[in-house]
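Coordinates as given in data_3.txt (compact mmCIF, C-alpha atoms):
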# COMPACT_ATOMS: atom_id res chain seq x y z
CA ARG A 1 22.66 4.47 20.84
CA ARG A 2 25.01 1.64 20.10
CA VAL A 3 23.50 -1.64 19.02
CA VAL A 4 25.30 -4.95 18.58
CA PHE A 5 24.21 -7.55 16.04
CA LYS A 6 22.57 -10.69 17.36
CA ALA A 7 21.20 -13.24 14.89
CA THR A 8 17.59 -14.31 15.28
CA SER A 9 17.16 -17.81 16.60
CA LYS A 10 15.86 -20.08 13.87
CA GLN A 11 14.22 -22.33 16.44
CA ARG A 12 10.48 -21.79 16.52
CA GLY A 13 8.81 -20.91 19.78
CA LEU A 14 6.63 -23.46 21.52
CA PHE A 15 3.69 -21.07 21.57
CA GLY A 16 3.38 -19.03 18.40
CA ALA A 17 1.08 -16.12 17.70
CA SER A 18 -1.68 -18.54 16.75
CA SER A 19 -1.55 -20.64 19.92
CA GLY A 20 -4.69 -20.46 21.99
CA LEU A 21 -6.85 -19.49 19.03
CA ASP A 22 -10.15 -21.15 18.27
CA ASP A 23 -9.72 -23.76 15.51
CA ARG A 24 -11.89 -21.80 13.08
CA VAL A 25 -9.82 -18.65 13.60
CA ARG A 26 -6.56 -20.60 13.27
CA VAL A 27 -7.72 -22.09 9.95
CA ARG A 28 -8.59 -18.61 8.66
CA LEU A 29 -5.19 -17.32 9.77
CA GLU A 30 -3.46 -20.18 7.97
CA LYS A 31 -5.37 -19.34 4.77
CA SER A 32 -4.31 -15.68 4.91
CA TRP A 33 -1.25 -14.04 3.36
CA ALA A 34 0.50 -14.38 6.74
CA GLU A 35 0.94 -18.15 6.42
CA GLY A 36 2.60 -17.88 3.02
CA PHE A 37 4.85 -15.09 4.25
CA GLN A 38 5.92 -17.15 7.26
CA LYS A 39 6.58 -20.29 5.20
CA GLU A 40 8.18 -18.75 2.11
CA VAL A 41 9.60 -15.30 2.87
CA LEU A 42 10.68 -15.42 6.52
CA PRO A 43 13.11 -18.37 6.04
CA VAL A 44 14.90 -16.43 3.27
CA LEU A 45 15.13 -13.35 5.50
CA LEU A 46 16.53 -15.45 8.36
CA GLU A 47 19.08 -16.93 5.98
CA LYS A 48 20.24 -13.51 4.73
CA GLU A 49 20.28 -11.87 8.17
CA GLU A 50 24.01 -12.41 8.86
CA GLU A 51 24.88 -10.17 5.88
CA PHE A 52 23.54 -7.19 7.84
CA ALA A 53 25.92 -7.69 10.81
CA ALA A 54 28.37 -5.10 9.42
CA LEU A 55 25.76 -2.38 10.04
CA TYR A 56 26.03 -2.88 13.79
CA SER A 57 28.50 -1.93 16.51
CA SER A 58 30.70 -4.39 18.39
CA THR A 59 29.34 -3.20 21.74
CA GLY A 60 25.94 -2.14 23.01
CA ARG A 61 22.55 -3.67 23.52
CA PRO A 62 21.40 -6.51 21.19
CA ASN A 63 19.42 -5.57 18.12
CA TRP A 64 15.79 -6.43 17.44
CA SER A 65 15.60 -9.20 14.84
CA VAL A 66 16.98 -7.98 11.50
CA ALA A 67 14.99 -10.65 9.62
CA ARG A 68 11.76 -9.50 11.24
CA MET A 69 12.61 -5.84 10.65
CA LEU A 70 13.17 -6.59 6.96
CA GLY A 71 9.89 -8.53 6.99
CA LEU A 72 8.09 -5.52 8.44
CA LEU A 73 9.51 -3.24 5.75
CA ILE A 74 8.51 -5.70 3.02
CA LEU A 75 5.01 -5.96 4.51
CA ARG A 76 4.79 -2.18 4.58
CA GLU A 77 5.31 -2.06 0.83
CA LEU A 78 3.26 -5.17 0.12
CA LEU A 79 0.24 -3.91 2.06
CA SER A 80 0.68 -0.23 1.05
CA ILE A 81 1.03 0.96 4.63
CA ARG A 82 1.67 4.69 4.57
CA SER A 83 3.30 5.53 7.89
CA VAL A 84 5.76 3.95 10.28
CA ARG A 85 3.23 4.45 13.08
CA GLU A 86 0.61 2.46 11.15
CA LEU A 87 3.22 -0.25 10.57
CA SER A 88 4.23 -0.50 14.24
CA GLU A 89 0.58 -0.51 15.34
CA GLY A 90 -0.27 -3.16 12.76
CA PHE A 91 2.51 -5.33 14.11
CA ALA A 92 1.44 -4.82 17.72
CA PHE A 93 -2.28 -5.41 17.21
CA ASP A 94 -2.70 -7.51 14.05
CA LEU A 95 -2.27 -11.23 14.60
CA ARG A 96 -1.46 -11.74 10.93
CA PHE A 97 1.73 -9.65 11.25
CA GLN A 98 2.79 -11.59 14.32
CA HIS A 99 2.06 -14.92 12.62
CA ALA A 100 3.84 -13.89 9.42
CA LEU A 101 6.97 -12.93 11.37
CA ASP A 102 6.67 -15.95 13.70
CA VAL A 103 6.69 -13.91 16.89
CA SER A 104 5.94 -15.96 19.96
CA GLU A 105 7.07 -13.89 22.94
CA ALA A 106 4.87 -11.03 24.14
CA GLU A 107 7.81 -8.62 24.45
CA GLU A 108 8.76 -9.25 20.81
CA ARG A 109 5.31 -8.13 19.65
CA VAL A 110 6.09 -4.45 20.09
CA ILE A 111 8.41 -2.40 17.91
CA SER A 112 8.80 1.35 18.27
CA GLU A 113 8.64 3.76 15.38
CA ARG A 114 12.08 4.95 16.44
CA SER A 115 13.54 1.44 16.07
CA ILE A 116 12.17 1.16 12.55
CA ALA A 117 13.52 4.62 11.65
CA SER A 118 16.96 3.89 13.12
CA PHE A 119 17.17 0.58 11.22
CA ARG A 120 16.34 2.35 7.97
CA ALA A 121 18.91 5.08 8.76
CA ARG A 122 21.55 2.44 9.63
CA LEU A 123 20.79 0.65 6.37
CA ALA A 124 20.98 3.84 4.30
CA ALA A 125 24.27 4.92 5.90
CA GLY A 126 25.91 1.49 5.93
CA ASP A 127 24.81 0.37 2.49
CA PRO A 128 24.10 3.43 0.33
CA GLU A 129 24.27 1.40 -2.90
CA GLY A 130 21.55 -0.94 -1.66
CA ARG A 131 23.55 -4.12 -2.20
CA LEU A 132 22.22 -5.80 0.94
CA LEU A 133 18.60 -5.27 -0.07
CA GLU A 134 19.41 -6.34 -3.62
CA SER A 135 20.82 -9.56 -2.22
CA VAL A 136 17.66 -10.15 -0.18
CA PHE A 137 15.37 -9.50 -3.14
CA ALA A 138 17.48 -11.71 -5.41
CA ALA A 139 17.22 -14.54 -2.87
CA LEU A 140 13.45 -14.00 -2.56
CA SER A 141 13.11 -13.99 -6.34
CA GLN A 142 15.06 -17.23 -6.65
CA SER A 143 12.94 -18.79 -3.91
CA CYS A 144 9.74 -17.79 -5.71
CA ILE A 145 11.05 -19.06 -9.04
CA ARG A 146 11.91 -22.43 -7.48
CA ARG A 147 8.65 -22.69 -5.51
CA LEU A 148 6.49 -21.80 -8.52
CA ARG A 149 8.65 -23.88 -10.87
CA LEU A 150 9.04 -21.03 -13.32
CA SER A 151 11.35 -21.11 -16.29
CA THR A 152 13.71 -18.18 -16.72
CA LYS A 153 15.00 -19.31 -20.10
CA GLU A 154 12.83 -16.82 -21.95
CA GLN A 155 12.28 -13.24 -20.89
CA ARG A 156 10.37 -10.37 -22.37
CA THR A 157 12.77 -7.75 -23.67
CA ASP A 158 10.77 -4.82 -22.32
CA SER A 159 11.14 -6.12 -18.74
CA THR A 160 14.92 -5.74 -18.87
CA PHE A 161 14.64 -1.97 -19.17
CA ILE A 162 12.88 -1.39 -15.86
CA ARG A 163 16.01 -1.18 -13.71
CA SER A 164 17.94 1.04 -16.08
CA ASN A 165 15.01 3.42 -16.38
CA MET A 166 14.65 3.55 -12.59
CA GLU A 167 18.32 4.41 -12.19
CA ARG A 168 18.09 7.19 -14.77
CA ARG A 169 15.17 8.84 -13.07
CA ASN A 170 16.49 11.44 -10.66
CA ARG A 171 14.92 13.72 -8.08
CA ALA A 172 14.61 16.60 -10.54
CA ALA A 173 12.57 14.46 -12.92
CA LEU A 174 10.35 13.26 -10.07
CA LEU A 175 9.82 16.83 -8.87
CA GLN A 176 9.01 17.86 -12.42
CA GLU A 177 6.37 15.15 -12.71
CA VAL A 178 4.84 16.03 -9.33
CA LEU A 179 4.64 19.71 -10.28
CA ARG A 180 3.16 18.90 -13.69
CA THR A 181 0.48 16.71 -12.08
CA PHE A 182 -0.20 19.35 -9.42
CA LEU A 183 -0.61 22.11 -11.98
CA ALA A 184 -2.84 19.95 -14.17
CA GLU A 185 -5.11 19.26 -11.18
CA LEU A 186 -5.11 22.94 -10.20

Would you encode the structure as structure tokens?
Amino acid sequence: RRVVFKATSKQRGLFGASSGLDDRVRVRLEKSWAEGFQKEVLPVLLEKEEEFAALYSSTGRPNWSVARMLGLLILRELLSIRSVRELSEGFAFDLRFQHALDVSEAEERVISERSIASFRARLAAGDPEGRLLESVFAALSQSCIRRLRLSTKEQRTDSTFIRSNMERRNRAALLQEVLRTFLAEL
């Protein structure tokens, strides 16, 4: 299927996911992780969305929001969600997901497992080096540093080795570790 890039509107809907809620429930929702995600992470994702346009065709049906798709994938990791099905069901039925991603229209509240898988495949094929995601995470890091007023003048030296060690680790080493753990448990 061919999909054309369409940027997500930055204008907020009149009736968000929290409209119509009892005041006590709304207050609880606003104290949850979803409020922080909506206020701090989603704007960065919306800002970086245009960079993903190259992954899409020039003709076809419009894409589902790239910013929200990235948000779903971040939430999957953040909340340790194991499967794509669990992620799509969480988005469809959990008000916190809908609030975090600022979804207001009922038809936007459903995402298929296939759509998530095809986005991940498009991302892997179109950006095998991961530069787009690196750009998103760098922007999120900078946003957090500014928001928390952190100083980056001093850095622990052991923290600089994380990336290089991750790059060195290959599939053979991972398989070796899995087998070693399996045999030890056996």

**Message:** Report, in Å with one decimal, the straight-line distance from CA of Ala125 (chain A) to CA of Arg68 (chain A).
**Reply:**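 Computed distance, CA of Ala125 (chain A) to CA of Arg68 (chain A), equals 19.8 Å.
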
Please identify every residue of region 115-163 of chain A that has at least one atom no farther than 7 Å from an atom of region 45-61 of chain A, counting all atoms listed in the file, and for each give the shortest atom pair and the distance in Å to one decimal, arranged by chain then increasing number, as JSON lines.
{"residue": "A:Arg122", "atom": "CA", "partner": "A:Leu55", "partner_atom": "CA", "distance": 6.4}
{"residue": "A:Leu123", "atom": "CA", "partner": "A:Leu55", "partner_atom": "CA", "distance": 6.9}
{"residue": "A:Gly126", "atom": "CA", "partner": "A:Leu55", "partner_atom": "CA", "distance": 5.6}
{"residue": "A:Val136", "atom": "CA", "partner": "A:Lys48", "partner_atom": "CA", "distance": 6.5}

**Request:** Enter the distance from CA of Arg85 (chain A) to CA of Glu113 (chain A), in Å, rounded to one decimal.
**Result:** 5.9 Å

**Asked** So which residues touch Val44 (chain A) within 12 Å, counting all atoms listed in the file, skipping near sequence neighbours fewer than 4 positions away, as an NGL selection string?
**Response** :A and (10 or 37-40 or 48-50 or 66-68 or 70-71 or 101 or 135-144)

**Message:** Between CA of Leu79 (chain A) and CA of Arg26 (chain A), what distance in Å does the model show, to one decimal?
**Reply:**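 Atom-to-atom, CA of Leu79 (chain A) to CA of Arg26 (chain A), that is 21.2 Å.
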